[in-house]
Every structure is written in C-alpha cells, then in structure tokens.
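K.L.:
Dropping a structure here in structure tokens format, bear with me for questions.
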Amino acid sequence: MRDEGHLSDALLRRAVRSLHSADQRADWVGAYLLDDEAGELWLHNYVGAPTEHAKIPVGQGVCGTAVEEGTNLNVPDVSEFEGYLSCNPDVKSELVVLIRAGETIYGQLDLDSHQPAAFAEADEAKVQAIADKLAEQLAREGN
Ligand code: SME
C-alpha cells in the first residue's frame, strides 16, 4: 500500500494555481490525468467555477479529442468545435496542452477563457514548458 503523497500531486496543483494567477484571461484552469485502461480523463484539480466534467472519455470534447489525436488544441471559438463539452456558458475559448513524454500521454492542462481567442502560440509554449516538467515527474514516478 502506498499512502505517502506523490510529488506529482503537489506539482499538478501548483501548476494549475500558478497558470490561473499568472494569466488574467485564464478564468478556469484544470489538470486532467489520463486513465488509459478506462479510456478517460479525470479531473485532478482545478481553479475556477465547478464543472460537471470530472471525467471525459477519450475522443469527446476538446479534452478527449486532444488525447485521441495526440495533439494540443487551441480553440479560439468553442461554439465552432463539434462535440464541445460546455462547463459554463461564459467560456468562449479554450487551450488544451498535453502532458506527455514521447509517446506516453499522462494527461493535460486545460485553460478556459471568457474572452474569444484568448490564447496565442506564446501562451501555448509557456503552458507546454510546465506540462513537460510535469511529464518528467510523472514518468519518474512510473505512472
Ligand atoms: N470544454 C471541455 C470540457 C472540460 S471544461 O472546459 C472544464 C471539453 O470540451 O472537453
């Protein structure tokens, strides 16, 4: 039985909090982890309004599509995204950045904004740098 906390838990929480406080446009920030066997993402932690999407099947919504396609997704207008899973009608744009090491996808960082087209390539790169650190730690823990 393993009952000590994982460093990755603390890092995932810290990443979410710092992304939220660093960017006024990020009204909601969360970290989802991938449960490969179940084929779904589960919400590890978040800052912002509560969401009903605590579990998202791979292939559904922006989050599940990012995993299925193995790519980050920057969606400037969520109303144009087929199958978009709405958490909150105020959300206009969304950025999903994968937490991955090589072929292994551990999960993702998800940022929602009430502003349309809130996120630029530079934002994606900043979030990616954090996601890459998280992936290193998750890999070290043998997740
Ligand atoms: N909009 C996401 C669901 C998660 S919420 O943004 C918190 C999606 O379409 O997958």
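Note on naming: chains are A, B, ... as they come in the structure tokens, residues start from 1 per chain, ligands start from 1 in the order shown.
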Please return as a CSV table (one decimal) with C-alpha atoms, in the first residue's frame: the residues of range 12-117 of chain A that backbone DSSP assigns to strand (DSSP E or B).

P.N.:
```
chain,number,residue,atom,x,y,z
A,28,TRP,CA,-10.7,28.4,-15.4
A,29,VAL,CA,-7.6,26.1,-15.2
A,30,GLY,CA,-7.5,22.4,-14.5
A,31,ALA,CA,-5.3,19.4,-14.8
A,32,TYR,CA,-6.8,16.2,-16.2
A,33,LEU,CA,-5.0,12.8,-15.9
A,34,LEU,CA,-5.5,10.0,-18.4
A,35,ASP,CA,-6.7,6.7,-17.1
A,40,GLU,CA,-11.0,8.5,-19.9
A,41,LEU,CA,-9.6,11.7,-18.4
A,42,TRP,CA,-10.3,12.5,-14.8
A,43,LEU,CA,-10.1,15.9,-13.2
A,44,HIS,CA,-7.1,16.0,-10.8
A,45,ASN,CA,-7.6,19.6,-9.6
A,46,TYR,CA,-8.8,22.9,-10.9
A,47,VAL,CA,-9.3,26.6,-10.1
A,55,LYS,CA,-14.5,12.5,-16.2
A,56,ILE,CA,-14.2,12.9,-20.0
A,57,PRO,CA,-14.0,9.9,-22.3
A,73,LEU,CA,-5.7,22.1,-29.2
A,74,ASN,CA,-6.1,25.8,-29.2
A,75,VAL,CA,-9.8,26.6,-29.8
A,93,SER,CA,-12.1,29.9,-25.9
A,94,GLU,CA,-10.0,27.0,-24.6
A,95,LEU,CA,-6.5,25.8,-24.7
A,96,VAL,CA,-5.6,22.2,-24.0
A,97,VAL,CA,-1.9,21.2,-23.7
A,98,LEU,CA,-0.9,17.6,-23.4
A,99,ILE,CA,1.3,16.4,-20.5
A,100,ARG,CA,3.3,13.9,-22.4
A,101,ALA,CA,6.7,12.3,-22.6
A,104,THR,CA,3.1,8.4,-23.4
A,105,ILE,CA,0.3,10.8,-22.7
A,106,TYR,CA,-0.2,11.4,-18.9
A,107,GLY,CA,-2.9,14.0,-19.2
A,108,GLN,CA,-3.3,17.6,-19.9
A,109,LEU,CA,-3.6,21.2,-18.7
A,110,ASP,CA,-6.8,22.8,-19.7
A,111,LEU,CA,-7.4,26.6,-19.8
A,112,ASP,CA,-10.8,28.2,-20.4
A,113,SER,CA,-11.3,31.9,-21.1
```

K.L.:
Write out as a tab-separated table a residue-level contact list of chain A versus ligand 1 with cut-off 6 Å: for each qualifying residue the closest pair of atoms and the distance in Å to one decimal, counting only C-alpha atoms and all ligand atoms, rows sorted by chain and residue number upward.

P.N.:
```
residue	atom	partner	partner_atom_place_in_ligand_line	distance
A:Thr51	CA	ligand 1	7 (C)	5.7
A:His53	CA	ligand 1	4 (C)	5.6
A:Gly61	CA	ligand 1	9 (O)	3.5
A:Val62	CA	ligand 1	10 (O)	3.7
A:Cys63	CA	ligand 1	10 (O)	3.8
A:Gly64	CA	ligand 1	10 (O)	5.9
A:Tyr84	CA	ligand 1	9 (O)	4.1
A:Leu85	CA	ligand 1	9 (O)	3.7
A:Ser86	CA	ligand 1	1 (N)	5.1
A:Cys87	CA	ligand 1	5 (S)	5.0
A:Asp112	CA	ligand 1	6 (O)	5.9
```

K.L.:
List the neighbours of Lys92 in chain A out to 9 Å using only C-alpha atoms; skip same-chain residues closer than 5 positions along the sequence, and give me the result as a short mmCIF file (atom, residue, chain, number, x, y, z; two decimals) with all heavy atoms, in the first residue's frame.

P.N.:
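Output saved as selection-v4.cif:
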```
data_model
loop_
_atom_site.label_atom_id
_atom_site.label_comp_id
_atom_site.auth_asym_id
_atom_site.auth_seq_id
_atom_site.Cartn_x
_atom_site.Cartn_y
_atom_site.Cartn_z
N VAL A 75 -8.49 26.37 -29.18
CA VAL A 75 -9.79 26.59 -29.82
C VAL A 75 -10.23 28.04 -29.58
O VAL A 75 -10.63 28.39 -28.47
CB VAL A 75 -10.85 25.61 -29.24
CG1 VAL A 75 -12.19 25.80 -29.92
CG2 VAL A 75 -10.37 24.16 -29.38
N PRO A 76 -10.13 28.88 -30.62
CA PRO A 76 -10.43 30.30 -30.42
C PRO A 76 -11.92 30.59 -30.18
O PRO A 76 -12.27 31.57 -29.55
CB PRO A 76 -9.96 30.96 -31.72
CG PRO A 76 -9.84 29.86 -32.71
CD PRO A 76 -9.63 28.57 -31.97
N ASP A 77 -12.77 29.68 -30.72
CA ASP A 77 -14.22 29.88 -30.56
C ASP A 77 -14.84 28.51 -30.27
O ASP A 77 -15.01 27.70 -31.18
CB ASP A 77 -14.79 30.48 -31.85
CG ASP A 77 -16.30 30.65 -31.79
OD1 ASP A 77 -16.93 30.22 -30.79
OD2 ASP A 77 -16.87 31.18 -32.76
N VAL A 78 -15.15 28.28 -29.00
CA VAL A 78 -15.61 26.93 -28.63
C VAL A 78 -16.94 26.57 -29.30
O VAL A 78 -17.25 25.39 -29.47
CB VAL A 78 -15.71 26.76 -27.10
CG1 VAL A 78 -14.32 26.80 -26.46
CG2 VAL A 78 -16.64 27.78 -26.47
N SER A 79 -17.73 27.59 -29.69
CA SER A 79 -19.04 27.28 -30.31
C SER A 79 -18.85 26.63 -31.68
O SER A 79 -19.77 26.03 -32.23
CB SER A 79 -19.89 28.55 -30.42
OG SER A 79 -19.37 29.39 -31.42
N ASP A 112 -9.55 27.65 -19.79
CA ASP A 112 -10.76 28.21 -20.40
C ASP A 112 -10.77 29.71 -20.18
O ASP A 112 -10.40 30.18 -19.10
CB ASP A 112 -12.03 27.66 -19.71
CG ASP A 112 -12.31 26.22 -20.04
OD1 ASP A 112 -11.62 25.64 -20.89
OD2 ASP A 112 -13.25 25.67 -19.43
N SER A 113 -11.24 30.44 -21.20
CA SER A 113 -11.32 31.89 -21.06
C SER A 113 -12.69 32.41 -21.44
O SER A 113 -13.33 31.88 -22.35
CB SER A 113 -10.27 32.56 -21.95
OG SER A 113 -10.37 33.98 -21.80
N HIS A 114 -13.11 33.47 -20.78
CA HIS A 114 -14.36 34.13 -21.14
C HIS A 114 -14.17 35.04 -22.34
O HIS A 114 -15.14 35.57 -22.87
CB HIS A 114 -14.90 34.93 -19.95
CG HIS A 114 -15.24 34.08 -18.77
ND1 HIS A 114 -15.66 34.58 -17.57
CD2 HIS A 114 -15.22 32.73 -18.61
CE1 HIS A 114 -15.89 33.58 -16.72
NE2 HIS A 114 -15.61 32.45 -17.34
N GLN A 115 -12.90 35.22 -22.76
CA GLN A 115 -12.62 36.03 -23.95
C GLN A 115 -12.45 35.13 -25.15
O GLN A 115 -11.80 34.09 -25.05
CB GLN A 115 -11.32 36.81 -23.77
CG GLN A 115 -11.39 37.86 -22.69
CD GLN A 115 -10.05 38.58 -22.55
OE1 GLN A 115 -9.36 38.81 -23.53
NE2 GLN A 115 -9.71 38.91 -21.33
N PRO A 116 -12.99 35.55 -26.30
CA PRO A 116 -12.74 34.77 -27.51
C PRO A 116 -11.25 34.83 -27.88
O PRO A 116 -10.59 35.85 -27.63
CB PRO A 116 -13.59 35.44 -28.59
CG PRO A 116 -14.26 36.61 -27.97
CD PRO A 116 -13.85 36.73 -26.54
N ALA A 117 -10.76 33.77 -28.47
CA ALA A 117 -9.36 33.72 -28.97
C ALA A 117 -8.37 34.26 -27.95
O ALA A 117 -7.50 35.07 -28.28
CB ALA A 117 -9.26 34.49 -30.29
N ALA A 118 -8.50 33.81 -26.72
CA ALA A 118 -7.67 34.37 -25.64
C ALA A 118 -6.22 33.93 -25.72
O ALA A 118 -5.33 34.63 -25.25
CB ALA A 118 -8.25 33.97 -24.29
#
```

K.L.:
Find the residue from A:Asp27, A:Glu37, A:Glu124, A:Glu136 that sits nearest to Asn88 in chain A; use only C-alpha atoms when measuring.

P.N.:
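Comparing A:Asp27, A:Glu37, A:Glu124, A:Glu136 against Asn88 in chain A, the winner is A:Asp27.
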
K.L.:
Neighbouring residues of Lys133 in chain A were defined as those with any atom within 12 Å, considering only C-alpha atoms; residues of the same chain fewer than 4 positions away were excluded. Please report them as a PyMOL selection string.

P.N.:
chain A and resi 7-8+11-12+14-15+98-101+106+126-129+137-140

K.L.:
Just list as a VMD selection string whatever in range 57-97 of chain A DSSP marks as alpha helix (DSSP H).

P.N.:
chain A and resid 61 to 69

K.L.:
For the residues in that selection, give me N, CA and C atoms as a compact mmCIF listing (two decimals), in the first residue's frame.

P.N.:
```
# COMPACT_ATOMS: atom_id res chain seq x y z
N GLY A 61 -15.27 15.90 -26.60
CA GLY A 61 -14.94 17.27 -26.24
C GLY A 61 -13.57 17.68 -26.74
N VAL A 62 -13.17 18.87 -26.36
CA VAL A 62 -11.84 19.36 -26.74
C VAL A 62 -10.79 18.50 -26.03
N CYS A 63 -11.05 18.22 -24.75
CA CYS A 63 -10.07 17.49 -23.94
C CYS A 63 -9.83 16.08 -24.47
N GLY A 64 -10.92 15.35 -24.70
CA GLY A 64 -10.79 13.96 -25.16
C GLY A 64 -10.27 13.87 -26.59
N THR A 65 -10.59 14.88 -27.40
CA THR A 65 -10.09 14.89 -28.79
C THR A 65 -8.58 15.13 -28.80
N ALA A 66 -8.11 15.99 -27.92
CA ALA A 66 -6.66 16.26 -27.86
C ALA A 66 -5.90 14.95 -27.60
N VAL A 67 -6.43 14.14 -26.68
CA VAL A 67 -5.77 12.85 -26.38
C VAL A 67 -5.87 11.91 -27.57
N GLU A 68 -7.07 11.82 -28.14
CA GLU A 68 -7.27 10.89 -29.26
C GLU A 68 -6.34 11.23 -30.42
N GLU A 69 -6.18 12.53 -30.67
CA GLU A 69 -5.35 12.95 -31.80
C GLU A 69 -3.89 13.14 -31.41
```

K.L.:
Between CA of Thr71 in chain A and CA of Arg25 in chain A, what is the distance in Å, rounded to a tenth?

P.N.:
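Computing it gives 22.2 Å between the two atoms.
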
K.L.:
So what do you get for CA of Ala49 in chain A versus CA of Leu134 in chain A, distance-wise?

P.N.:
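One can read the CA of Ala49 in chain A to CA of Leu134 in chain A distance as 23.6 Å.
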
K.L.:
When you count only C-alpha atoms, which of these residues is closest to Arg13 in chain A: A:Ala38, A:Asp123, A:Pro89, A:Ile130?

P.N.:
A:Ile130

K.L.:
Provide the CA of Phe119 in chain A to CA of Gln24 in chain A distance in Å, to one decimal place.

P.N.:
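Rounded to one decimal, the two atoms are 11.1 Å apart.
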